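Below is data.pdb, which holds PDB, C-alpha atoms.
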```pdb
ATOM      1  CA  MET A 565     -61.052   4.072  13.269  1.00  0.00           C
ATOM      2  CA  ARG A 566     -58.704   6.762  11.903  1.00  0.00           C
ATOM      3  CA  LEU A 567     -55.489   5.429  10.383  1.00  0.00           C
ATOM      4  CA  ASP A 568     -52.280   7.386  10.726  1.00  0.00           C
ATOM      5  CA  SER A 569     -48.637   6.671   9.860  1.00  0.00           C
ATOM      6  CA  CYS A 570     -47.255   6.905  13.372  1.00  0.00           C
ATOM      7  CA  ASN A 571     -45.913   3.807  14.987  1.00  0.00           C
ATOM      8  CA  SER A 572     -48.175   2.766  17.846  1.00  0.00           C
ATOM      9  CA  SER A 573     -45.237   1.639  19.923  1.00  0.00           C
ATOM     10  CA  LEU A 574     -43.720   5.114  19.752  1.00  0.00           C
ATOM     11  CA  GLN A 575     -47.018   6.673  20.804  1.00  0.00           C
ATOM     12  CA  GLY A 576     -47.182   4.296  23.742  1.00  0.00           C
ATOM     13  CA  ALA A 577     -43.732   5.443  24.786  1.00  0.00           C
ATOM     14  CA  GLY A 578     -44.946   9.011  24.901  1.00  0.00           C
ATOM     15  CA  GLU A 579     -43.062  10.249  21.821  1.00  0.00           C
ATOM     16  CA  PRO A 580     -44.793  12.956  19.731  1.00  0.00           C
ATOM     17  CA  CYS A 581     -46.289  12.004  16.420  1.00  0.00           C
ATOM     18  CA  GLY A 582     -47.132  14.185  13.473  1.00  0.00           C
ATOM     19  CA  PRO A 583     -46.224  15.244   9.905  1.00  0.00           C
ATOM     20  CA  GLY A 584     -43.157  17.182  11.048  1.00  0.00           C
ATOM     21  CA  ILE A 585     -41.777  14.197  12.895  1.00  0.00           C
ATOM     22  CA  GLN A 586     -42.413  11.946   9.911  1.00  0.00           C
ATOM     23  CA  ALA A 587     -40.551  14.353   7.607  1.00  0.00           C
ATOM     24  CA  LYS A 588     -37.631  14.527  10.044  1.00  0.00           C
ATOM     25  CA  ARG A 589     -37.442  10.747  10.250  1.00  0.00           C
ATOM     26  CA  GLY A 590     -37.497  10.399   6.463  1.00  0.00           C
ATOM     27  CA  ARG A 591     -34.520  12.772   5.919  1.00  0.00           C
ATOM     28  CA  VAL A 592     -31.320  10.767   5.341  1.00  0.00           C
ATOM     29  CA  GLY A 593     -28.046  11.548   3.471  1.00  0.00           C
ATOM     30  CA  PHE A 594     -25.107  13.965   3.610  1.00  0.00           C
ATOM     31  CA  THR A 595     -24.818  17.664   3.027  1.00  0.00           C
ATOM     32  CA  LEU A 596     -22.388  19.086   0.473  1.00  0.00           C
ATOM     33  CA  VAL A 597     -20.052  20.250   3.243  1.00  0.00           C
ATOM     34  CA  GLU A 598     -19.946  16.759   4.742  1.00  0.00           C
ATOM     35  CA  LEU A 599     -19.156  15.224   1.353  1.00  0.00           C
ATOM     36  CA  LEU A 600     -16.336  17.699   0.721  1.00  0.00           C
ATOM     37  CA  LEU A 601     -14.831  17.009   4.133  1.00  0.00           C
ATOM     38  CA  SER A 602     -14.990  13.261   3.505  1.00  0.00           C
ATOM     39  CA  VAL A 603     -13.265  13.625   0.118  1.00  0.00           C
ATOM     40  CA  ALA A 604     -10.548  15.825   1.646  1.00  0.00           C
ATOM     41  CA  ILE A 605      -9.842  13.281   4.386  1.00  0.00           C
ATOM     42  CA  VAL A 606      -9.641  10.434   1.855  1.00  0.00           C
ATOM     43  CA  LEU A 607      -7.216  12.425  -0.321  1.00  0.00           C
ATOM     44  CA  LEU A 608      -4.997  13.169   2.683  1.00  0.00           C
ATOM     45  CA  LEU A 609      -4.900   9.492   3.637  1.00  0.00           C
ATOM     46  CA  VAL A 610      -4.080   8.419   0.075  1.00  0.00           C
ATOM     47  CA  GLY A 611      -1.307  11.024  -0.132  1.00  0.00           C
ATOM     48  CA  ALA A 612       0.225   9.816   3.118  1.00  0.00           C
ATOM     49  CA  VAL A 613       0.193   6.205   1.899  1.00  0.00           C
ATOM     50  CA  VAL A 614       1.806   7.142  -1.442  1.00  0.00           C
ATOM     51  CA  PHE A 615       4.501   9.215   0.300  1.00  0.00           C
ATOM     52  CA  SER A 616       5.308   6.401   2.720  1.00  0.00           C
ATOM     53  CA  PHE A 617       5.478   3.847  -0.091  1.00  0.00           C
ATOM     54  CA  SER A 618       7.706   6.122  -2.181  1.00  0.00           C
ATOM     55  CA  SER A 619      10.097   6.648   0.746  1.00  0.00           C
ATOM     56  CA  LEU A 620      10.166   2.918   1.396  1.00  0.00           C
ATOM     57  CA  MET A 621      11.021   2.180  -2.242  1.00  0.00           C
ATOM     58  CA  LYS A 622      13.852   4.752  -2.235  1.00  0.00           C
ATOM     59  CA  GLY A 623      15.427   3.074   0.759  1.00  0.00           C
ATOM     60  CA  SER A 624      14.826  -0.464  -0.453  1.00  0.00           C
ATOM     61  CA  GLN A 625      16.841   0.053  -3.656  1.00  0.00           C
ATOM     62  CA  LEU A 626      20.112   0.409  -1.737  1.00  0.00           C
ATOM     63  CA  ASP A 627      19.269  -2.468   0.602  1.00  0.00           C
ATOM     64  CA  GLU A 628      18.312  -4.756  -2.276  1.00  0.00           C
ATOM     65  CA  GLY A 629      21.407  -3.712  -4.222  1.00  0.00           C
ATOM     66  CA  VAL A 630      23.665  -4.569  -1.282  1.00  0.00           C
ATOM     67  CA  ASP A 631      21.914  -7.948  -0.962  1.00  0.00           C
ATOM     68  CA  GLN A 632      22.648  -8.601  -4.635  1.00  0.00           C
ATOM     69  CA  PHE A 633      26.250  -7.454  -4.223  1.00  0.00           C
ATOM     70  CA  GLU A 634      26.773  -9.861  -1.322  1.00  0.00           C
ATOM     71  CA  ASN A 635      25.324 -12.618  -3.506  1.00  0.00           C
ATOM     72  CA  LEU A 636      27.778 -11.649  -6.259  1.00  0.00           C
ATOM     73  CA  ILE A 637      30.700 -11.944  -3.815  1.00  0.00           C
ATOM     74  CA  ARG A 638      29.575 -15.449  -2.817  1.00  0.00           C
ATOM     75  CA  LEU A 639      29.192 -16.478  -6.467  1.00  0.00           C
ATOM     76  CA  ALA A 640      32.674 -15.171  -7.333  1.00  0.00           C
ATOM     77  CA  ARG A 641      34.182 -17.062  -4.396  1.00  0.00           C
ATOM     78  CA  ALA A 642      32.357 -20.266  -5.398  1.00  0.00           C
ATOM     79  CA  GLU A 643      33.453 -19.975  -9.043  1.00  0.00           C
ATOM     80  CA  ALA A 644      37.094 -19.568  -8.028  1.00  0.00           C
ATOM     81  CA  ALA A 645      36.987 -22.573  -5.699  1.00  0.00           C
ATOM     82  CA  ASN A 646      35.002 -24.838  -8.045  1.00  0.00           C
ATOM     83  CA  ASN A 647      37.067 -24.083 -11.181  1.00  0.00           C
ATOM     84  CA  GLY A 648      40.434 -23.760  -9.481  1.00  0.00           C
ATOM     85  CA  ARG A 649      40.936 -20.426 -11.217  1.00  0.00           C
ATOM     86  CA  ARG A 650      41.491 -16.900  -9.975  1.00  0.00           C
ATOM     87  CA  VAL A 651      38.413 -14.653 -10.155  1.00  0.00           C
ATOM     88  CA  GLN A 652      38.648 -10.876  -9.842  1.00  0.00           C
ATOM     89  CA  MET A 653      35.988  -8.311  -9.025  1.00  0.00           C
ATOM     90  CA  ILE A 654      36.998  -5.179 -10.910  1.00  0.00           C
ATOM     91  CA  PHE A 655      35.563  -1.702 -10.333  1.00  0.00           C
ATOM     92  CA  GLN A 656      35.530   0.716 -13.254  1.00  0.00           C
ATOM     93  CA  GLU A 657      35.161   4.476 -13.026  1.00  0.00           C
ATOM     94  CA  GLU A 658      31.873   5.881 -14.310  1.00  0.00           C
ATOM     95  CA  VAL A 659      30.513   9.429 -14.643  1.00  0.00           C
ATOM     96  CA  THR A 660      26.778   9.610 -13.895  1.00  0.00           C
ATOM     97  CA  ALA A 661      24.170  11.917 -15.411  1.00  0.00           C
ATOM     98  CA  GLU A 662      24.573  14.164 -12.346  1.00  0.00           C
ATOM     99  CA  SER A 663      28.316  14.482 -13.167  1.00  0.00           C
ATOM    100  CA  SER A 664      29.301  12.563 -10.040  1.00  0.00           C
ATOM    101  CA  VAL A 665      32.091  10.000 -10.278  1.00  0.00           C
ATOM    102  CA  VAL A 666      31.315   6.489  -9.049  1.00  0.00           C
ATOM    103  CA  GLY A 667      32.314   2.965  -9.928  1.00  0.00           C
ATOM    104  CA  LYS A 668      30.553   0.000 -11.492  1.00  0.00           C
ATOM    105  CA  VAL A 669      31.471  -3.629 -10.988  1.00  0.00           C
ATOM    106  CA  THR A 670      32.581  -6.304 -13.448  1.00  0.00           C
ATOM    107  CA  VAL A 671      33.685  -9.865 -12.663  1.00  0.00           C
ATOM    108  CA  GLN A 672      36.439 -11.598 -14.653  1.00  0.00           C
ATOM    109  CA  TRP A 673      38.369 -14.822 -14.320  1.00  0.00           C
ATOM    110  CA  GLU A 674      41.686 -16.337 -15.410  1.00  0.00           C
ATOM    111  CA  PRO A 675      40.722 -19.304 -17.646  1.00  0.00           C
ATOM    112  CA  ASP A 676      44.289 -20.398 -18.536  1.00  0.00           C
ATOM    113  CA  PRO A 677      46.723 -19.517 -15.725  1.00  0.00           C
ATOM    114  CA  LEU A 678      49.530 -21.662 -17.233  1.00  0.00           C
ATOM    115  CA  GLY A 679      49.242 -20.811 -20.934  1.00  0.00           C
ATOM    116  CA  LYS A 680      48.036 -17.223 -20.513  1.00  0.00           C
ATOM    117  CA  PRO A 681      48.873 -16.131 -16.969  1.00  0.00           C
ATOM    118  CA  GLY A 682      47.313 -12.873 -15.867  1.00  0.00           C
ATOM    119  CA  GLN A 683      44.881 -12.675 -18.794  1.00  0.00           C
ATOM    120  CA  LEU A 684      41.346 -12.208 -17.531  1.00  0.00           C
ATOM    121  CA  GLU A 685      38.045 -12.731 -19.346  1.00  0.00           C
ATOM    122  CA  THR A 686      34.448 -11.960 -18.463  1.00  0.00           C
ATOM    123  CA  LEU A 687      32.902 -14.515 -16.128  1.00  0.00           C
ATOM    124  CA  TRP A 688      29.636 -14.948 -18.018  1.00  0.00           C
ATOM    125  CA  PRO A 689      27.665 -17.111 -15.508  1.00  0.00           C
ATOM    126  CA  VAL A 690      27.486 -14.209 -13.030  1.00  0.00           C
ATOM    127  CA  THR A 691      26.663 -11.521 -15.622  1.00  0.00           C
ATOM    128  CA  PRO A 692      22.912 -11.341 -14.771  1.00  0.00           C
ATOM    129  CA  VAL A 693      23.748 -10.613 -11.129  1.00  0.00           C
ATOM    130  CA  VAL A 694      26.371  -8.048 -12.189  1.00  0.00           C
ATOM    131  CA  ASN A 695      23.754  -6.248 -14.295  1.00  0.00           C
ATOM    132  CA  ASN A 696      21.267  -6.198 -11.407  1.00  0.00           C
ATOM    133  CA  VAL A 697      23.883  -4.770  -9.061  1.00  0.00           C
ATOM    134  CA  ASN A 698      24.925  -2.011 -11.476  1.00  0.00           C
ATOM    135  CA  GLU A 699      21.297  -1.003 -12.021  1.00  0.00           C
ATOM    136  CA  MET A 700      20.580  -0.504  -8.320  1.00  0.00           C
ATOM    137  CA  ILE A 701      23.844   0.646  -6.713  1.00  0.00           C
ATOM    138  CA  ALA A 702      27.213   2.200  -7.502  1.00  0.00           C
ATOM    139  CA  ILE A 703      30.638   1.748  -5.907  1.00  0.00           C
ATOM    140  CA  ASP A 704      31.556   4.827  -3.904  1.00  0.00           C
ATOM    141  CA  SER A 705      35.042   3.574  -2.997  1.00  0.00           C
ATOM    142  CA  THR A 706      36.994   0.415  -2.170  1.00  0.00           C
ATOM    143  CA  ARG A 707      40.076  -0.340  -0.107  1.00  0.00           C
ATOM    144  CA  ARG A 708      41.993  -3.372   1.121  1.00  0.00           C
ATOM    145  CA  SER A 709      41.514  -4.099   4.795  1.00  0.00           C
ATOM    146  CA  GLY A 710      44.557  -3.899   7.054  1.00  0.00           C
ATOM    147  CA  ILE A 711      46.722  -1.859   4.696  1.00  0.00           C
ATOM    148  CA  GLY A 712      46.196   1.331   6.695  1.00  0.00           C
ATOM    149  CA  GLU A 713      46.056   3.435   3.549  1.00  0.00           C
ATOM    150  CA  ALA A 714      43.357   6.134   3.575  1.00  0.00           C
ATOM    151  CA  THR A 715      40.579   5.704   1.027  1.00  0.00           C
ATOM    152  CA  LEU A 716      40.919   8.363  -1.662  1.00  0.00           C
ATOM    153  CA  SER A 717      37.905  10.409  -2.685  1.00  0.00           C
ATOM    154  CA  ALA A 718      36.112   9.834  -5.976  1.00  0.00           C
ATOM    155  CA  GLY A 719      37.382  11.816  -8.936  1.00  0.00           C
ATOM    156  CA  GLU A 720      41.132  11.641  -8.239  1.00  0.00           C
ATOM    157  CA  SER A 721      42.886  10.806 -11.481  1.00  0.00           C
ATOM    158  CA  GLU A 722      46.066   9.047 -10.311  1.00  0.00           C
ATOM    159  CA  VAL A 723      46.267   5.400 -11.435  1.00  0.00           C
ATOM    160  CA  GLN A 724      48.057   2.856  -9.256  1.00  0.00           C
ATOM    161  CA  TRP A 725      47.064  -0.489 -10.775  1.00  0.00           C
ATOM    162  CA  THR A 726      46.011  -2.133 -14.032  1.00  0.00           C
ATOM    163  CA  ALA A 727      43.604  -5.078 -14.252  1.00  0.00           C
ATOM    164  CA  GLY A 728      42.375  -6.845 -17.368  1.00  0.00           C
ATOM    165  CA  GLY A 729      43.953  -4.198 -19.565  1.00  0.00           C
ATOM    166  CA  ALA A 730      41.832  -1.411 -18.035  1.00  0.00           C
ATOM    167  CA  GLU A 731      43.203   1.229 -15.745  1.00  0.00           C
ATOM    168  CA  ALA A 732      41.318   2.219 -12.608  1.00  0.00           C
ATOM    169  CA  PRO A 733      41.873   4.951 -10.015  1.00  0.00           C
ATOM    170  CA  PRO A 734      43.249   4.055  -6.571  1.00  0.00           C
ATOM    171  CA  TRP A 735      39.892   4.572  -4.863  1.00  0.00           C
ATOM    172  CA  LEU A 736      38.554   1.531  -6.772  1.00  0.00           C
ATOM    173  CA  VAL A 737      40.898  -1.268  -5.708  1.00  0.00           C
ATOM    174  CA  PRO A 738      39.937  -4.704  -7.154  1.00  0.00           C
ATOM    175  CA  VAL A 739      39.111  -7.745  -5.034  1.00  0.00           C
ATOM    176  CA  THR A 740      40.615 -11.115  -6.012  1.00  0.00           C
ATOM    177  CA  PHE A 741      39.164 -14.544  -5.160  1.00  0.00           C
ATOM    178  CA  TYR A 742      41.569 -17.484  -5.146  1.00  0.00           C
ATOM    179  CA  ALA A 743      41.284 -21.182  -5.960  1.00  0.00           C
ATOM    180  CA  ASP A 744      41.670 -22.186  -2.307  1.00  0.00           C
ATOM    181  CA  GLY A 745      38.416 -20.379  -1.445  1.00  0.00           C
ATOM    182  CA  SER A 746      40.033 -17.318   0.111  1.00  0.00           C
ATOM    183  CA  SER A 747      39.996 -13.742  -1.148  1.00  0.00           C
ATOM    184  CA  ASP A 748      41.391 -10.305  -0.461  1.00  0.00           C
ATOM    185  CA  SER A 749      39.995  -8.660   2.645  1.00  0.00           C
ATOM    186  CA  ALA A 750      38.330  -5.423   1.622  1.00  0.00           C
ATOM    187  CA  GLU A 751      36.021  -2.581   2.591  1.00  0.00           C
ATOM    188  CA  ILE A 752      33.612  -1.613  -0.179  1.00  0.00           C
ATOM    189  CA  ARG A 753      31.467   1.494   0.174  1.00  0.00           C
ATOM    190  CA  LEU A 754      28.191   1.331  -1.767  1.00  0.00           C
ATOM    191  CA  VAL A 755      25.680   4.023  -2.705  1.00  0.00           C
ATOM    192  CA  SER A 756      22.198   3.878  -4.224  1.00  0.00           C
ATOM    193  CA  ARG A 757      21.713   5.041  -7.797  1.00  0.00           C
ATOM    194  CA  ASN A 758      18.600   6.776  -6.514  1.00  0.00           C
ATOM    195  CA  GLY A 759      20.008  10.210  -5.721  1.00  0.00           C
ATOM    196  CA  GLU A 760      17.390  10.859  -3.042  1.00  0.00           C
ATOM    197  CA  ASP A 761      18.881   8.181  -0.784  1.00  0.00           C
ATOM    198  CA  SER A 762      21.924   9.785   0.867  1.00  0.00           C
ATOM    199  CA  ARG A 763      23.010   6.733   2.837  1.00  0.00           C
ATOM    200  CA  ARG A 764      26.246   4.843   2.292  1.00  0.00           C
ATOM    201  CA  ILE A 765      26.736   1.218   3.272  1.00  0.00           C
ATOM    202  CA  VAL A 766      30.232  -0.112   3.912  1.00  0.00           C
ATOM    203  CA  LEU A 767      30.560  -3.829   3.248  1.00  0.00           C
ATOM    204  CA  HIS A 768      33.413  -5.509   5.138  1.00  0.00           C
ATOM    205  CA  LEU A 769      34.718  -8.677   3.481  1.00  0.00           C
ATOM    206  CA  GLU A 770      36.897 -11.024   5.541  1.00  0.00           C
ATOM    207  CA  GLY A 771      39.167 -12.762   3.045  1.00  0.00           C
ATOM    208  CA  ILE A 772      39.926 -15.986   4.918  1.00  0.00           C
ATOM    209  CA  THR A 773      36.462 -16.841   6.200  1.00  0.00           C
ATOM    210  CA  GLY A 774      34.415 -15.064   3.541  1.00  0.00           C
ATOM    211  CA  SER A 775      32.211 -13.432   6.195  1.00  0.00           C
ATOM    212  CA  LEU A 776      30.419 -10.195   5.332  1.00  0.00           C
ATOM    213  CA  ARG A 777      29.462  -7.371   7.663  1.00  0.00           C
ATOM    214  CA  ARG A 778      27.616  -4.131   6.938  1.00  0.00           C
ATOM    215  CA  GLU A 779      28.034  -0.659   8.384  1.00  0.00           C
ATOM    216  CA  ILE A 780      25.594   2.149   7.662  1.00  0.00           C
ATOM    217  CA  LEU A 781      27.088   5.609   7.168  1.00  0.00           C
ATOM    218  CA  ALA A 782      25.161   8.791   7.842  1.00  0.00           C
ATOM    219  CA  ALA A 783      25.400  11.304   4.998  1.00  0.00           C
ATOM    220  CA  GLU A 784      27.408  13.780   7.074  1.00  0.00           C
ATOM    221  CA  GLN A 785      29.859  11.114   8.222  1.00  0.00           C
ATOM    222  CA  ALA A 786      30.343   9.785   4.707  1.00  0.00           C
ATOM    223  CA  ALA A 787      31.150  13.260   3.384  1.00  0.00           C
ATOM    224  CA  ALA A 788      33.219  14.609   6.281  1.00  0.00           C
ATOM    225  CA  THR A 789      35.068  11.778   7.975  1.00  0.00           C
ATOM    226  CA  GLY A 790      34.415   8.589   6.056  1.00  0.00           C
ATOM    227  CA  LYS A 791      34.070   6.752   9.376  1.00  0.00           C
ATOM    228  CA  SER A 792      31.158   4.469   9.959  1.00  0.00           C
ATOM    229  CA  ALA A 793      28.243   5.041  12.294  1.00  0.00           C
ATOM    230  CA  PRO A 794      27.874   2.755  15.312  1.00  0.00           C
ATOM    231  CA  ALA A 795      24.901   0.933  13.803  1.00  0.00           C
ATOM    232  CA  GLU A 796      26.077  -2.336  12.270  1.00  0.00           C
ATOM    233  CA  GLU A 797      24.373  -5.307  10.728  1.00  0.00           C
ATOM    234  CA  ALA A 798      26.130  -8.656  10.859  1.00  0.00           C
ATOM    235  CA  ARG A 799      25.842 -10.999   7.929  1.00  0.00           C
TER
END
```
What does the file become when written as structure tokens?
Amino acid sequence: MRLDSCNSSLQGAGEPCGPGIQAKRGRVGFTLVELLLSVAIVLLLVGAVVFSFSSLMKGSQLDEGVDQFENLIRLARAEAANNGRRVQMIFQEEVTAESSVVGKVTVQWEPDPLGKPGQLETLWPVTPVVNNVNEMIAIDSTRRSGIGEATLSAGESEVQWTAGGAEAPPWLVPVTFYADGSSDSAEIRLVSRNGEDSRRIVLHLEGITGSLRREILAAEQAAATGKSAPAEEAR
């Protein structure tokens, strides 16, 4: 009997059998064109993932910074109530590497209101949170709620108040927390230190209740009108 390499079941099914068919069946793999197309598709997918992750990180810096700032407000309020001493959140003017004028936050307290009234010192327990906030976000402007006074733009040099021996411009009004657990009501506009994130977030602080509410500003609204967009996030 003659032996061949064809499968008997295939012959029974009527399929042709021969050296050419065997060579065709034994040919597996990819051509160079197919490999190049596969590599190109993989590179495109990786690039899309990296771009999406980068955009997400740019946006998350402002959001995380605002979360930390809200935490700092709660800590300042708690310190004032627990110690029975006035605590003040002070905003100092700062010129960035891009020559823009913003503010950074410091927190001070009044350790001896009877012996040394009005003399403020650094509130050291909240310093780590202060450092985190200043690394991620900057203070675009502040104002007291209910005063009706327009928020002045950054860079104006007129000084209207003095706190802790340091002068600050009127667009960086301080926020004071009192021993009874209340505070000044204020609107604080925050910006990311990542220059590619053009958003502004306005944080509304209700002095009596301590409630916080966010408003997101579009870049055009922040520059032109200073009024908030309809989108709000309650806290």
(message) Let me make sure I understand: among A:Val690, A:Met700, A:Glu779, A:Thr595, which one has the smallest atom-to-atom distance to A:Leu767 if we use all atoms listed in the file?
(response) A:Glu779
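In this structure, atom CA of A:Ala644 sits 14.5 Å away from atom CA of A:Thr773.
The coordinates place atom CA of A:Glu643 at 9.1 Å from atom CA of A:Pro689.
Shortest separation to A:Asn698 among A:Trp673, A:Phe741, A:Trp735, A:Phe633 occurs at residue A:Phe633, atoms counted being only C-alpha atoms.
When the PyMOL selection byres ((chain A and resi 751) around 7) is evaluated against the file, it yields Thr706, Arg707, Arg708, Ser709, Ala750, Ile752, Arg753, Val766, Leu767, His768 and Leu769 of chain A.
The interatomic distance for the pair atom CA of A:Leu639 and atom CA of A:Lys668 works out to 17.3 Å.
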(request) Evaluate the PyMOL selection byres ((chain A and resi 667) around 10) on the structure here and hand back the selected residues as a PyMOL selection string. (result) chain A and resi 654-660+665-666+668-670+698+701-706+718+732-733+735-736+754-755
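With distances restricted to all atoms listed in the file, A:Leu626 is the closest residue to A:Arg764 from A:Val737, A:Leu687, A:Val697, A:Leu626.
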Suppose a student applies the PyMOL selection byres ((chain A and resi 647) around 12) to this structure; what residues should they get, written as a PDB file with C-alpha atoms, in the coordinates of the input?
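Writing done, so here's part.pdb:
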```pdb
ATOM      1  CA  LEU A 639      29.192 -16.478  -6.467  1.00  0.00           C
ATOM      2  CA  ALA A 640      32.674 -15.171  -7.333  1.00  0.00           C
ATOM      3  CA  ARG A 641      34.182 -17.062  -4.396  1.00  0.00           C
ATOM      4  CA  ALA A 642      32.357 -20.266  -5.398  1.00  0.00           C
ATOM      5  CA  GLU A 643      33.453 -19.975  -9.043  1.00  0.00           C
ATOM      6  CA  ALA A 644      37.094 -19.568  -8.028  1.00  0.00           C
ATOM      7  CA  ALA A 645      36.987 -22.573  -5.699  1.00  0.00           C
ATOM      8  CA  ASN A 646      35.002 -24.838  -8.045  1.00  0.00           C
ATOM      9  CA  GLY A 648      40.434 -23.760  -9.481  1.00  0.00           C
ATOM     10  CA  ARG A 649      40.936 -20.426 -11.217  1.00  0.00           C
ATOM     11  CA  ARG A 650      41.491 -16.900  -9.975  1.00  0.00           C
ATOM     12  CA  VAL A 651      38.413 -14.653 -10.155  1.00  0.00           C
ATOM     13  CA  TRP A 673      38.369 -14.822 -14.320  1.00  0.00           C
ATOM     14  CA  GLU A 674      41.686 -16.337 -15.410  1.00  0.00           C
ATOM     15  CA  PRO A 675      40.722 -19.304 -17.646  1.00  0.00           C
ATOM     16  CA  ASP A 676      44.289 -20.398 -18.536  1.00  0.00           C
ATOM     17  CA  PRO A 677      46.723 -19.517 -15.725  1.00  0.00           C
ATOM     18  CA  LEU A 687      32.902 -14.515 -16.128  1.00  0.00           C
ATOM     19  CA  PHE A 741      39.164 -14.544  -5.160  1.00  0.00           C
ATOM     20  CA  TYR A 742      41.569 -17.484  -5.146  1.00  0.00           C
ATOM     21  CA  ALA A 743      41.284 -21.182  -5.960  1.00  0.00           C
ATOM     22  CA  ASP A 744      41.670 -22.186  -2.307  1.00  0.00           C
ATOM     23  CA  GLY A 745      38.416 -20.379  -1.445  1.00  0.00           C
TER      24      GLY A 745
END
```
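The shortest atom-to-atom distance to A:Ser747, with all atoms listed in the file taken into account, belongs to A:Ile637 out of A:Asp631, A:Val694, A:Val671, A:Ile637.
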(message) When you count all atoms listed in the file, which of these residues is closest to A:Gln652: A:Glu628, A:Asp748, A:Glu598, A:Glu699?
(response) A:Asp748
